[in-house]
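Below you'll find the structure, written out as structure tokens, and then a few comments.
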Amino acid sequence: MEVKTEGDNLPTATPVVKDGLSVQIKVLFFAKARDITGLTELLMEVSSGSTTQDCLNELVAKFPSLDEIRHCIVLALNEEYTTESAVVKDKDELAIIPPISGG
Amino acid sequence: MRSQRLIWGKSRQWALSQPSPDCDHCRGSVNSCAEQVLRKTAMNSEERTLVEILDENKKIDLAKYINYVSAPAAGAIATFSGTTRDTFEGKTVVELRYEAYVPMAIRNLKSICHSARSSWDLHSIAVVHCLGTVPVGETSVFIAVSATHRADALDACKFLIDELKASVPIWKKEVYSNGEVWKENTEFLERKSELGKNDGFCRRKVETEAPDRKGCCKAKVKVEEAVHTSTS
């Protein structure tokens, strides 16, 4: 995978070619997930109709070490907890949330 | 003096079914039940709820938040402070470092506060959390709740910190002299499978059984009669 920077300085995992068959989402990494990927944010192009699980699969393929925390993370879509079956739309924000520890 | 209150239903709205002449609240008048809903909505818009996530390495000013919740009408103020301990399982803790998904954390905290109001009769709520480094002995999270009576304030305060630890996207790294580790709240691990599903985000103390007496607001609303006394 080639990581390129866009005009807004966010790394992208794939070339940004928008058409009706794909959507672009922003992925946020926190805590242990950020340690593993080395990134706080990532722009990602996925097929239209992809679920959050599809996106996670693609992320694990790009960052294999994410697999070691996959069983304990939860996902958030546009600042709300979501399930792996939720379908992502263009410009959605997907957050990879490792076990929290506030308070 | 007896008072009544409507309770937030699982459908996330004030339950309002067909008015009935047998209903003690509206006596069949559409306007009466609707007026109660509107009054409650208006009260909600005047709620004093303060949620803050501070910039990195800023200290919590406890007095600010106690002052915020203080009011002549509130006979009780309950607070919780979370502070950095100096040891964990025999290891010496140097400091804690916090980070957060800030917009989602604020949204979640406001929702938790709203849920607390649906379960307890509260006056004001303040919740503040630090980011960045919090040395041993310093406060990382502070919650202050005021209410007319102490039972509501104390119970709501416990609820707020329990829910924060179960569901708000804030993380801490525990730094020792010879290493560091991301902590994991057991409250979150217990709640994890429910997050993202309906009602899984925030547990409310809501009773959904039908009241004993007749009323037009049935299945999802329980109306309680509270007897107020002069003591807190």
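Here, A, B, ... name the chains of the structure tokens in the order displayed, residue numbers run from 1 inside each chain, and ligands are numbered from 1 in the same displayed order.
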
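Residues from chain A found within 8 Å of chain B are A:Phe30, A:Ala31, A:Lys32, A:Val74, A:Ala76, A:Glu79, A:Glu80, A:Tyr81, A:Thr82, A:Thr83, A:Ile97, A:Pro99, A:Ile100, A:Ser101, A:Gly102, A:Gly103, counting only C-alpha atoms.
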
*Would you please give, as a ChimeraX atom specification, all residues of segment 19-181 of chain B that DSSP assigns to alpha helix (DSSP H) based on the backbone?*
/B:30-45,62-69,102-119,150-167

*What separation in Å, quoted to one decimal, exists between atom CA of Pro64 of chain A and atom CA of Thr51 of chain A?*
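For atom CA of Pro64 of chain A relative to atom CA of Thr51 of chain A, the distance reads 19.3 Å.
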
Looking only at the backbone, which of the residues in chain A does DSSP tag as strand (DSSP E), as an mmCIF file with all heavy atoms, in the first residue's frame?
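File out-v5.cif, as written:
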```cif
data_model
loop_
_atom_site.group_PDB
_atom_site.id
_atom_site.type_symbol
_atom_site.label_atom_id
_atom_site.label_comp_id
_atom_site.auth_asym_id
_atom_site.auth_seq_id
_atom_site.Cartn_x
_atom_site.Cartn_y
_atom_site.Cartn_z
ATOM 1 N N LYS A 4 -0.180 8.273 0.502
ATOM 2 C CA LYS A 4 0.124 9.587 -0.046
ATOM 3 C C LYS A 4 -0.579 10.637 0.777
ATOM 4 O O LYS A 4 -1.610 10.380 1.387
ATOM 5 C CB LYS A 4 -0.338 9.678 -1.505
ATOM 6 C CG LYS A 4 0.270 8.627 -2.404
ATOM 7 C CD LYS A 4 -0.064 8.915 -3.852
ATOM 8 C CE LYS A 4 -1.534 8.659 -4.121
ATOM 9 N NZ LYS A 4 -1.835 8.773 -5.566
ATOM 10 N N THR A 5 -0.033 11.825 0.772
ATOM 11 C CA THR A 5 -0.700 12.913 1.490
ATOM 12 C C THR A 5 -1.543 13.715 0.523
ATOM 13 O O THR A 5 -1.159 13.936 -0.623
ATOM 14 C CB THR A 5 0.305 13.836 2.180
ATOM 15 O OG1 THR A 5 1.233 14.298 1.208
ATOM 16 C CG2 THR A 5 1.065 13.077 3.251
ATOM 17 N N PRO A 11 -3.055 11.524 5.392
ATOM 18 C CA PRO A 11 -2.623 10.397 4.584
ATOM 19 C C PRO A 11 -3.825 9.695 3.983
ATOM 20 O O PRO A 11 -4.894 9.634 4.606
ATOM 21 C CB PRO A 11 -1.922 9.467 5.576
ATOM 22 C CG PRO A 11 -1.847 10.176 6.851
ATOM 23 C CD PRO A 11 -2.768 11.351 6.805
ATOM 24 N N THR A 12 -3.666 9.174 2.773
ATOM 25 C CA THR A 12 -4.733 8.380 2.174
ATOM 26 C C THR A 12 -4.187 6.999 1.883
ATOM 27 O O THR A 12 -3.032 6.837 1.502
ATOM 28 C CB THR A 12 -5.246 8.990 0.865
ATOM 29 O OG1 THR A 12 -4.142 9.106 -0.028
ATOM 30 C CG2 THR A 12 -5.839 10.350 1.105
ATOM 31 N N SER A 22 -17.859 4.325 -5.243
ATOM 32 C CA SER A 22 -17.027 4.333 -4.049
ATOM 33 C C SER A 22 -17.366 5.545 -3.198
ATOM 34 O O SER A 22 -17.949 6.525 -3.677
ATOM 35 C CB SER A 22 -15.544 4.355 -4.435
ATOM 36 O OG SER A 22 -15.244 5.568 -5.079
ATOM 37 N N VAL A 23 -17.029 5.427 -1.921
ATOM 38 C CA VAL A 23 -17.213 6.532 -0.978
ATOM 39 C C VAL A 23 -15.907 6.755 -0.240
ATOM 40 O O VAL A 23 -15.082 5.841 -0.132
ATOM 41 C CB VAL A 23 -18.357 6.253 0.026
ATOM 42 C CG1 VAL A 23 -19.686 6.119 -0.684
ATOM 43 C CG2 VAL A 23 -18.062 5.021 0.860
ATOM 44 N N GLN A 24 -15.730 7.970 0.236
ATOM 45 C CA GLN A 24 -14.519 8.291 0.980
ATOM 46 C C GLN A 24 -14.894 8.582 2.427
ATOM 47 O O GLN A 24 -15.805 9.378 2.705
ATOM 48 C CB GLN A 24 -13.829 9.515 0.386
ATOM 49 C CG GLN A 24 -12.486 9.804 1.050
ATOM 50 C CD GLN A 24 -11.841 11.055 0.474
ATOM 51 O OE1 GLN A 24 -12.237 12.171 0.782
ATOM 52 N NE2 GLN A 24 -10.853 10.845 -0.376
ATOM 53 N N ILE A 25 -14.189 7.931 3.335
ATOM 54 C CA ILE A 25 -14.447 8.167 4.764
ATOM 55 C C ILE A 25 -13.147 8.579 5.443
ATOM 56 O O ILE A 25 -12.050 8.359 4.921
ATOM 57 C CB ILE A 25 -15.017 6.915 5.467
ATOM 58 C CG1 ILE A 25 -13.990 5.771 5.454
ATOM 59 C CG2 ILE A 25 -16.329 6.483 4.835
ATOM 60 C CD1 ILE A 25 -14.367 4.603 6.358
ATOM 61 N N LYS A 26 -13.301 9.203 6.607
ATOM 62 C CA LYS A 26 -12.142 9.536 7.432
ATOM 63 C C LYS A 26 -12.106 8.558 8.595
ATOM 64 O O LYS A 26 -13.134 8.345 9.258
ATOM 65 C CB LYS A 26 -12.241 10.964 7.969
ATOM 66 C CG LYS A 26 -11.022 11.386 8.794
ATOM 67 C CD LYS A 26 -11.275 12.629 9.629
ATOM 68 C CE LYS A 26 -11.349 13.864 8.786
ATOM 69 N NZ LYS A 26 -11.432 15.084 9.646
ATOM 70 N N VAL A 27 -10.943 7.959 8.819
ATOM 71 C CA VAL A 27 -10.793 7.014 9.924
ATOM 72 C C VAL A 27 -9.949 7.671 11.009
ATOM 73 O O VAL A 27 -8.905 8.253 10.716
ATOM 74 C CB VAL A 27 -10.123 5.706 9.458
ATOM 75 C CG1 VAL A 27 -10.022 4.720 10.613
ATOM 76 C CG2 VAL A 27 -10.896 5.096 8.293
ATOM 77 N N LEU A 28 -10.397 7.597 12.262
ATOM 78 C CA LEU A 28 -9.657 8.149 13.392
ATOM 79 C C LEU A 28 -9.122 7.002 14.247
ATOM 80 O O LEU A 28 -9.821 6.029 14.514
ATOM 81 C CB LEU A 28 -10.567 9.023 14.258
ATOM 82 C CG LEU A 28 -11.300 10.169 13.572
ATOM 83 C CD1 LEU A 28 -12.146 10.941 14.587
ATOM 84 C CD2 LEU A 28 -10.335 11.101 12.885
ATOM 85 N N PHE A 29 -7.876 7.137 14.676
ATOM 86 C CA PHE A 29 -7.240 6.137 15.532
ATOM 87 C C PHE A 29 -6.933 6.765 16.890
ATOM 88 O O PHE A 29 -6.396 7.869 16.963
ATOM 89 C CB PHE A 29 -5.938 5.638 14.914
ATOM 90 C CG PHE A 29 -6.108 5.011 13.562
ATOM 91 C CD1 PHE A 29 -5.823 5.730 12.411
ATOM 92 C CD2 PHE A 29 -6.548 3.700 13.433
ATOM 93 C CE1 PHE A 29 -5.978 5.159 11.159
ATOM 94 C CE2 PHE A 29 -6.706 3.120 12.184
ATOM 95 C CZ PHE A 29 -6.426 3.850 11.037
ATOM 96 N N GLU A 41 -5.153 10.024 11.896
ATOM 97 C CA GLU A 41 -6.258 10.080 10.938
ATOM 98 C C GLU A 41 -5.828 9.463 9.618
ATOM 99 O O GLU A 41 -4.647 9.460 9.271
ATOM 100 C CB GLU A 41 -6.683 11.529 10.664
ATOM 101 C CG GLU A 41 -7.215 12.280 11.843
ATOM 102 C CD GLU A 41 -7.717 13.662 11.462
ATOM 103 O OE1 GLU A 41 -7.752 13.975 10.261
ATOM 104 O OE2 GLU A 41 -8.066 14.416 12.370
ATOM 105 N N LEU A 42 -6.819 9.029 8.841
ATOM 106 C CA LEU A 42 -6.558 8.420 7.556
ATOM 107 C C LEU A 42 -7.795 8.616 6.685
ATOM 108 O O LEU A 42 -8.906 8.412 7.145
ATOM 109 C CB LEU A 42 -6.292 6.924 7.744
ATOM 110 C CG LEU A 42 -6.064 6.071 6.521
ATOM 111 C CD1 LEU A 42 -4.674 6.320 5.970
ATOM 112 C CD2 LEU A 42 -6.215 4.612 6.873
ATOM 113 N N LEU A 43 -7.585 9.032 5.414
ATOM 114 C CA LEU A 43 -8.695 9.059 4.464
ATOM 115 C C LEU A 43 -8.704 7.740 3.715
ATOM 116 O O LEU A 43 -7.651 7.255 3.290
ATOM 117 C CB LEU A 43 -8.530 10.208 3.464
ATOM 118 C CG LEU A 43 -8.769 11.620 3.999
ATOM 119 C CD1 LEU A 43 -8.536 12.640 2.896
ATOM 120 C CD2 LEU A 43 -10.178 11.756 4.553
ATOM 121 N N MET A 44 -9.873 7.150 3.584
ATOM 122 C CA MET A 44 -9.949 5.829 2.963
ATOM 123 C C MET A 44 -11.089 5.773 1.950
ATOM 124 O O MET A 44 -12.189 6.251 2.212
ATOM 125 C CB MET A 44 -10.172 4.763 4.048
ATOM 126 C CG MET A 44 -9.958 3.351 3.584
ATOM 127 S SD MET A 44 -9.656 2.233 4.968
ATOM 128 C CE MET A 44 -11.310 1.937 5.499
ATOM 129 N N GLU A 45 -10.805 5.179 0.799
ATOM 130 C CA GLU A 45 -11.813 4.986 -0.240
ATOM 131 C C GLU A 45 -12.309 3.553 -0.142
ATOM 132 O O GLU A 45 -11.518 2.615 -0.141
ATOM 133 C CB GLU A 45 -11.166 5.217 -1.605
ATOM 134 C CG GLU A 45 -12.134 5.364 -2.737
ATOM 135 C CD GLU A 45 -12.591 6.815 -2.917
ATOM 136 O OE1 GLU A 45 -12.136 7.681 -2.161
ATOM 137 O OE2 GLU A 45 -13.395 7.067 -3.807
ATOM 138 N N VAL A 46 -13.630 3.387 -0.045
ATOM 139 C CA VAL A 46 -14.197 2.038 0.018
ATOM 140 C C VAL A 46 -15.366 1.958 -0.952
ATOM 141 O O VAL A 46 -15.914 2.978 -1.384
ATOM 142 C CB VAL A 46 -14.680 1.671 1.439
ATOM 143 C CG1 VAL A 46 -13.505 1.588 2.400
ATOM 144 C CG2 VAL A 46 -15.714 2.665 1.951
ATOM 145 N N SER A 47 -15.737 0.748 -1.314
ATOM 146 C CA SER A 47 -16.853 0.544 -2.232
ATOM 147 C C SER A 47 -18.140 1.073 -1.615
ATOM 148 O O SER A 47 -18.373 0.951 -0.415
ATOM 149 C CB SER A 47 -17.025 -0.940 -2.543
ATOM 150 O OG SER A 47 -15.816 -1.492 -2.997
ATOM 151 N N VAL A 74 -14.229 -1.151 19.802
ATOM 152 C CA VAL A 74 -15.560 -0.865 19.291
ATOM 153 C C VAL A 74 -15.412 0.231 18.252
ATOM 154 O O VAL A 74 -14.370 0.881 18.166
ATOM 155 C CB VAL A 74 -16.548 -0.428 20.401
ATOM 156 C CG1 VAL A 74 -16.852 -1.585 21.322
ATOM 157 C CG2 VAL A 74 -16.010 0.760 21.170
ATOM 158 N N LEU A 75 -16.444 0.403 17.452
ATOM 159 C CA LEU A 75 -16.404 1.391 16.378
ATOM 160 C C LEU A 75 -17.420 2.493 16.652
ATOM 161 O O LEU A 75 -18.468 2.258 17.251
ATOM 162 C CB LEU A 75 -16.735 0.724 15.042
ATOM 163 C CG LEU A 75 -15.828 -0.435 14.628
ATOM 164 C CD1 LEU A 75 -16.361 -1.094 13.357
ATOM 165 C CD2 LEU A 75 -14.401 0.052 14.415
ATOM 166 N N ALA A 76 -17.079 3.683 16.191
ATOM 167 C CA ALA A 76 -18.026 4.792 16.258
ATOM 168 C C ALA A 76 -18.124 5.410 14.872
ATOM 169 O O ALA A 76 -17.101 5.603 14.198
ATOM 170 C CB ALA A 76 -17.579 5.842 17.279
ATOM 171 N N LEU A 77 -19.329 5.706 14.455
ATOM 172 C CA LEU A 77 -19.575 6.321 13.154
ATOM 173 C C LEU A 77 -20.211 7.684 13.404
ATOM 174 O O LEU A 77 -21.275 7.773 14.024
ATOM 175 C CB LEU A 77 -20.502 5.430 12.328
ATOM 176 C CG LEU A 77 -20.576 5.706 10.828
ATOM 177 C CD1 LEU A 77 -19.211 5.571 10.171
ATOM 178 C CD2 LEU A 77 -21.571 4.743 10.174
ATOM 179 N N GLU A 80 -21.012 8.434 17.093
ATOM 180 C CA GLU A 80 -21.937 7.576 17.841
ATOM 181 C C GLU A 80 -21.479 6.136 17.701
ATOM 182 O O GLU A 80 -21.066 5.703 16.608
ATOM 183 C CB GLU A 80 -23.364 7.717 17.304
ATOM 184 C CG GLU A 80 -23.975 9.081 17.586
ATOM 185 C CD GLU A 80 -25.444 9.135 17.242
ATOM 186 O OE1 GLU A 80 -25.978 8.129 16.745
ATOM 187 O OE2 GLU A 80 -26.054 10.197 17.465
ATOM 188 N N TYR A 81 -21.579 5.385 18.802
ATOM 189 C CA TYR A 81 -21.225 3.974 18.731
ATOM 190 C C TYR A 81 -22.065 3.294 17.664
ATOM 191 O O TYR A 81 -23.249 3.592 17.493
ATOM 192 C CB TYR A 81 -21.436 3.299 20.078
ATOM 193 C CG TYR A 81 -20.390 3.672 21.092
ATOM 194 C CD1 TYR A 81 -20.716 4.417 22.224
ATOM 195 C CD2 TYR A 81 -19.054 3.291 20.928
ATOM 196 C CE1 TYR A 81 -19.758 4.773 23.157
ATOM 197 C CE2 TYR A 81 -18.091 3.650 21.853
ATOM 198 C CZ TYR A 81 -18.443 4.386 22.960
ATOM 199 O OH TYR A 81 -17.489 4.749 23.855
ATOM 200 N N THR A 82 -21.468 2.349 16.968
ATOM 201 C CA THR A 82 -22.153 1.701 15.868
ATOM 202 C C THR A 82 -21.840 0.211 15.876
ATOM 203 O O THR A 82 -21.029 -0.275 16.666
ATOM 204 C CB THR A 82 -21.721 2.324 14.528
ATOM 205 O OG1 THR A 82 -22.525 1.807 13.472
ATOM 206 C CG2 THR A 82 -20.263 1.987 14.216
ATOM 207 N N GLU A 93 -17.254 9.667 9.315
ATOM 208 C CA GLU A 93 -16.078 9.625 10.175
ATOM 209 C C GLU A 93 -16.157 8.355 11.014
ATOM 210 O O GLU A 93 -17.089 8.200 11.812
ATOM 211 C CB GLU A 93 -16.053 10.865 11.077
ATOM 212 C CG GLU A 93 -14.827 10.976 11.973
ATOM 213 C CD GLU A 93 -14.796 12.324 12.693
ATOM 214 O OE1 GLU A 93 -14.351 13.312 12.090
ATOM 215 O OE2 GLU A 93 -15.217 12.371 13.874
ATOM 216 N N LEU A 94 -15.212 7.452 10.813
ATOM 217 C CA LEU A 94 -15.194 6.177 11.513
ATOM 218 C C LEU A 94 -14.068 6.206 12.535
ATOM 219 O O LEU A 94 -12.920 6.468 12.183
ATOM 220 C CB LEU A 94 -14.966 5.028 10.514
ATOM 221 C CG LEU A 94 -14.874 3.622 11.088
ATOM 222 C CD1 LEU A 94 -16.222 3.183 11.627
ATOM 223 C CD2 LEU A 94 -14.400 2.641 10.007
ATOM 224 N N ALA A 95 -14.407 5.970 13.789
ATOM 225 C CA ALA A 95 -13.395 5.997 14.854
ATOM 226 C C ALA A 95 -13.130 4.579 15.345
ATOM 227 O O ALA A 95 -14.062 3.812 15.603
ATOM 228 C CB ALA A 95 -13.860 6.878 16.011
ATOM 229 N N ILE A 96 -11.843 4.255 15.455
ATOM 230 C CA ILE A 96 -11.422 2.968 16.031
ATOM 231 C C ILE A 96 -11.201 3.200 17.518
ATOM 232 O O ILE A 96 -10.290 3.961 17.912
ATOM 233 C CB ILE A 96 -10.120 2.469 15.376
ATOM 234 C CG1 ILE A 96 -10.237 2.521 13.842
ATOM 235 C CG2 ILE A 96 -9.786 1.064 15.858
ATOM 236 C CD1 ILE A 96 -11.375 1.724 13.268
ATOM 237 N N ILE A 97 -12.038 2.574 18.339
ATOM 238 C CA ILE A 97 -12.050 2.869 19.767
ATOM 239 C C ILE A 97 -11.595 1.664 20.574
ATOM 240 O O ILE A 97 -12.363 0.727 20.793
ATOM 241 C CB ILE A 97 -13.464 3.324 20.189
ATOM 242 C CG1 ILE A 97 -13.778 4.633 19.461
ATOM 243 C CG2 ILE A 97 -13.573 3.480 21.700
ATOM 244 C CD1 ILE A 97 -15.024 5.336 19.886
#
```

*Leaving out Gly49 of chain A and any residue of its chain fewer than 3 positions from it, which residues lie within 10 Å of it when counting only C-alpha atoms, given as a list in words?*
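Surrounding residues, per the criterion: Leu21, Ser22, Val23, Val46, Thr52, Asp54, Ala86, Val87, Val88, Lys89 and Asp90 of chain A.
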
Residues just named, written with C-alpha atoms as an mmCIF file, in the first residue's frame:
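Done, and the output landed in result_14.cif:
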```
data_model
loop_
_atom_site.group_PDB
_atom_site.id
_atom_site.type_symbol
_atom_site.label_atom_id
_atom_site.label_comp_id
_atom_site.auth_asym_id
_atom_site.auth_seq_id
_atom_site.Cartn_x
_atom_site.Cartn_y
_atom_site.Cartn_z
ATOM 1 C CA LEU A 21 -19.170 3.188 -6.953
ATOM 2 C CA SER A 22 -17.027 4.333 -4.049
ATOM 3 C CA VAL A 23 -17.213 6.532 -0.978
ATOM 4 C CA VAL A 46 -14.197 2.038 0.018
ATOM 5 C CA THR A 52 -17.987 -0.678 9.013
ATOM 6 C CA ASP A 54 -15.659 -4.086 5.596
ATOM 7 C CA ALA A 86 -23.698 -0.298 9.647
ATOM 8 C CA VAL A 87 -23.201 0.986 6.097
ATOM 9 C CA VAL A 88 -20.772 3.875 5.673
ATOM 10 C CA LYS A 89 -21.596 6.885 3.504
ATOM 11 C CA ASP A 90 -19.429 9.455 1.784
#
```

I want to know what sits within 9 Å of Glu174 of chain B, based on only C-alpha atoms, with residues of the same chain fewer than 3 positions away left out; could you give that as a PDB file with all heavy atoms, in the first residue's frame?
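Everything below was put into selection28.pdb:
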```pdb
ATOM      1  N   PHE B  88      -0.138   0.974  41.463  1.00  0.00           N
ATOM      2  CA  PHE B  88      -1.085   0.054  40.845  1.00  0.00           C
ATOM      3  C   PHE B  88      -0.453  -1.325  40.852  1.00  0.00           C
ATOM      4  O   PHE B  88       0.593  -1.539  40.237  1.00  0.00           O
ATOM      5  CB  PHE B  88      -1.447   0.480  39.426  1.00  0.00           C
ATOM      6  CG  PHE B  88      -2.375  -0.471  38.747  1.00  0.00           C
ATOM      7  CD1 PHE B  88      -3.718  -0.498  39.091  1.00  0.00           C
ATOM      8  CD2 PHE B  88      -1.907  -1.380  37.808  1.00  0.00           C
ATOM      9  CE1 PHE B  88      -4.595  -1.393  38.488  1.00  0.00           C
ATOM     10  CE2 PHE B  88      -2.769  -2.272  37.198  1.00  0.00           C
ATOM     11  CZ  PHE B  88      -4.112  -2.280  37.539  1.00  0.00           C
ATOM     12  N   VAL B  93       3.376   4.442  40.263  1.00  0.00           N
ATOM     13  CA  VAL B  93       2.851   5.243  39.160  1.00  0.00           C
ATOM     14  C   VAL B  93       3.493   6.623  39.199  1.00  0.00           C
ATOM     15  O   VAL B  93       3.488   7.298  40.230  1.00  0.00           O
ATOM     16  CB  VAL B  93       1.318   5.371  39.248  1.00  0.00           C
ATOM     17  CG1 VAL B  93       0.790   6.320  38.169  1.00  0.00           C
ATOM     18  CG2 VAL B  93       0.659   3.999  39.118  1.00  0.00           C
ATOM     19  N   VAL B  94       4.041   7.030  38.066  1.00  0.00           N
ATOM     20  CA  VAL B  94       4.653   8.359  37.968  1.00  0.00           C
ATOM     21  C   VAL B  94       3.596   9.394  37.637  1.00  0.00           C
ATOM     22  O   VAL B  94       3.528  10.460  38.246  1.00  0.00           O
ATOM     23  CB  VAL B  94       5.755   8.357  36.889  1.00  0.00           C
ATOM     24  CG1 VAL B  94       6.280   9.754  36.655  1.00  0.00           C
ATOM     25  CG2 VAL B  94       6.865   7.391  37.276  1.00  0.00           C
ATOM     26  N   GLU B  95       2.764   9.056  36.637  1.00  0.00           N
ATOM     27  CA  GLU B  95       1.717   9.985  36.222  1.00  0.00           C
ATOM     28  C   GLU B  95       0.727   9.237  35.331  1.00  0.00           C
ATOM     29  O   GLU B  95       0.989   8.112  34.900  1.00  0.00           O
ATOM     30  CB  GLU B  95       2.312  11.164  35.443  1.00  0.00           C
ATOM     31  CG  GLU B  95       2.988  10.749  34.144  1.00  0.00           C
ATOM     32  CD  GLU B  95       3.769  11.882  33.492  1.00  0.00           C
ATOM     33  OE1 GLU B  95       4.126  12.854  34.177  1.00  0.00           O
ATOM     34  OE2 GLU B  95       4.010  11.781  32.281  1.00  0.00           O
ATOM     35  N   LEU B  96      -0.404   9.882  35.078  1.00  0.00           N
ATOM     36  CA  LEU B  96      -1.360   9.396  34.092  1.00  0.00           C
ATOM     37  C   LEU B  96      -1.390  10.381  32.938  1.00  0.00           C
ATOM     38  O   LEU B  96      -1.236  11.593  33.136  1.00  0.00           O
ATOM     39  CB  LEU B  96      -2.763   9.277  34.703  1.00  0.00           C
ATOM     40  CG  LEU B  96      -2.938   8.265  35.842  1.00  0.00           C
ATOM     41  CD1 LEU B  96      -4.379   8.285  36.348  1.00  0.00           C
ATOM     42  CD2 LEU B  96      -2.553   6.868  35.409  1.00  0.00           C
ATOM     43  N   ARG B  97      -1.585   9.844  31.750  1.00  0.00           N
ATOM     44  CA  ARG B  97      -1.728  10.721  30.582  1.00  0.00           C
ATOM     45  C   ARG B  97      -3.065  10.396  29.918  1.00  0.00           C
ATOM     46  O   ARG B  97      -3.331   9.253  29.588  1.00  0.00           O
ATOM     47  CB  ARG B  97      -0.599  10.493  29.578  1.00  0.00           C
ATOM     48  CG  ARG B  97       0.754  10.921  30.108  1.00  0.00           C
ATOM     49  CD  ARG B  97       1.824  10.795  29.053  1.00  0.00           C
ATOM     50  NE  ARG B  97       3.139  10.785  29.669  1.00  0.00           N
ATOM     51  CZ  ARG B  97       4.174  10.092  29.218  1.00  0.00           C
ATOM     52  NH1 ARG B  97       4.029   9.352  28.125  1.00  0.00           N
ATOM     53  NH2 ARG B  97       5.330  10.137  29.837  1.00  0.00           N
ATOM     54  N   GLY B 179       8.098   1.756  32.474  1.00  0.00           N
ATOM     55  CA  GLY B 179       7.217   1.406  31.370  1.00  0.00           C
ATOM     56  C   GLY B 179       5.909   2.156  31.441  1.00  0.00           C
ATOM     57  O   GLY B 179       5.701   3.011  32.297  1.00  0.00           O
ATOM     58  N   GLU B 180       5.025   1.833  30.520  1.00  0.00           N
ATOM     59  CA  GLU B 180       3.717   2.475  30.491  1.00  0.00           C
ATOM     60  C   GLU B 180       2.719   1.538  29.815  1.00  0.00           C
ATOM     61  O   GLU B 180       3.112   0.685  29.012  1.00  0.00           O
ATOM     62  CB  GLU B 180       3.778   3.806  29.747  1.00  0.00           C
ATOM     63  CG  GLU B 180       4.398   3.722  28.362  1.00  0.00           C
ATOM     64  CD  GLU B 180       4.641   5.101  27.750  1.00  0.00           C
ATOM     65  OE1 GLU B 180       5.145   5.996  28.462  1.00  0.00           O
ATOM     66  OE2 GLU B 180       4.316   5.271  26.562  1.00  0.00           O
ATOM     67  N   VAL B 181       1.444   1.688  30.170  1.00  0.00           N
ATOM     68  CA  VAL B 181       0.425   0.802  29.613  1.00  0.00           C
ATOM     69  C   VAL B 181      -0.892   1.550  29.490  1.00  0.00           C
ATOM     70  O   VAL B 181      -1.234   2.371  30.341  1.00  0.00           O
ATOM     71  CB  VAL B 181       0.263  -0.464  30.502  1.00  0.00           C
ATOM     72  CG1 VAL B 181      -0.266  -0.092  31.888  1.00  0.00           C
ATOM     73  CG2 VAL B 181      -0.675  -1.468  29.863  1.00  0.00           C
ATOM     74  N   TRP B 182      -1.630   1.275  28.399  1.00  0.00           N
ATOM     75  CA  TRP B 182      -2.970   1.816  28.267  1.00  0.00           C
ATOM     76  C   TRP B 182      -3.888   1.042  29.196  1.00  0.00           C
ATOM     77  O   TRP B 182      -3.949  -0.177  29.175  1.00  0.00           O
ATOM     78  CB  TRP B 182      -3.472   1.665  26.823  1.00  0.00           C
ATOM     79  CG  TRP B 182      -2.806   2.579  25.847  1.00  0.00           C
ATOM     80  CD1 TRP B 182      -1.882   2.253  24.907  1.00  0.00           C
ATOM     81  CD2 TRP B 182      -3.016   3.992  25.726  1.00  0.00           C
ATOM     82  NE1 TRP B 182      -1.500   3.362  24.201  1.00  0.00           N
ATOM     83  CE2 TRP B 182      -2.185   4.443  24.679  1.00  0.00           C
ATOM     84  CE3 TRP B 182      -3.840   4.908  26.378  1.00  0.00           C
ATOM     85  CZ2 TRP B 182      -2.139   5.782  24.278  1.00  0.00           C
ATOM     86  CZ3 TRP B 182      -3.804   6.238  25.978  1.00  0.00           C
ATOM     87  CH2 TRP B 182      -2.954   6.656  24.935  1.00  0.00           C
ATOM     88  N   LYS B 183      -4.666   1.762  30.017  1.00  0.00           N
ATOM     89  CA  LYS B 183      -5.583   1.114  30.949  1.00  0.00           C
ATOM     90  C   LYS B 183      -6.891   0.772  30.243  1.00  0.00           C
ATOM     91  O   LYS B 183      -7.213   1.312  29.191  1.00  0.00           O
ATOM     92  CB  LYS B 183      -5.878   2.059  32.129  1.00  0.00           C
ATOM     93  CG  LYS B 183      -4.646   2.514  32.876  1.00  0.00           C
ATOM     94  CD  LYS B 183      -3.945   1.378  33.575  1.00  0.00           C
ATOM     95  CE  LYS B 183      -4.809   0.846  34.708  1.00  0.00           C
ATOM     96  NZ  LYS B 183      -4.101  -0.218  35.465  1.00  0.00           N
TER      97      LYS B 183
END
```
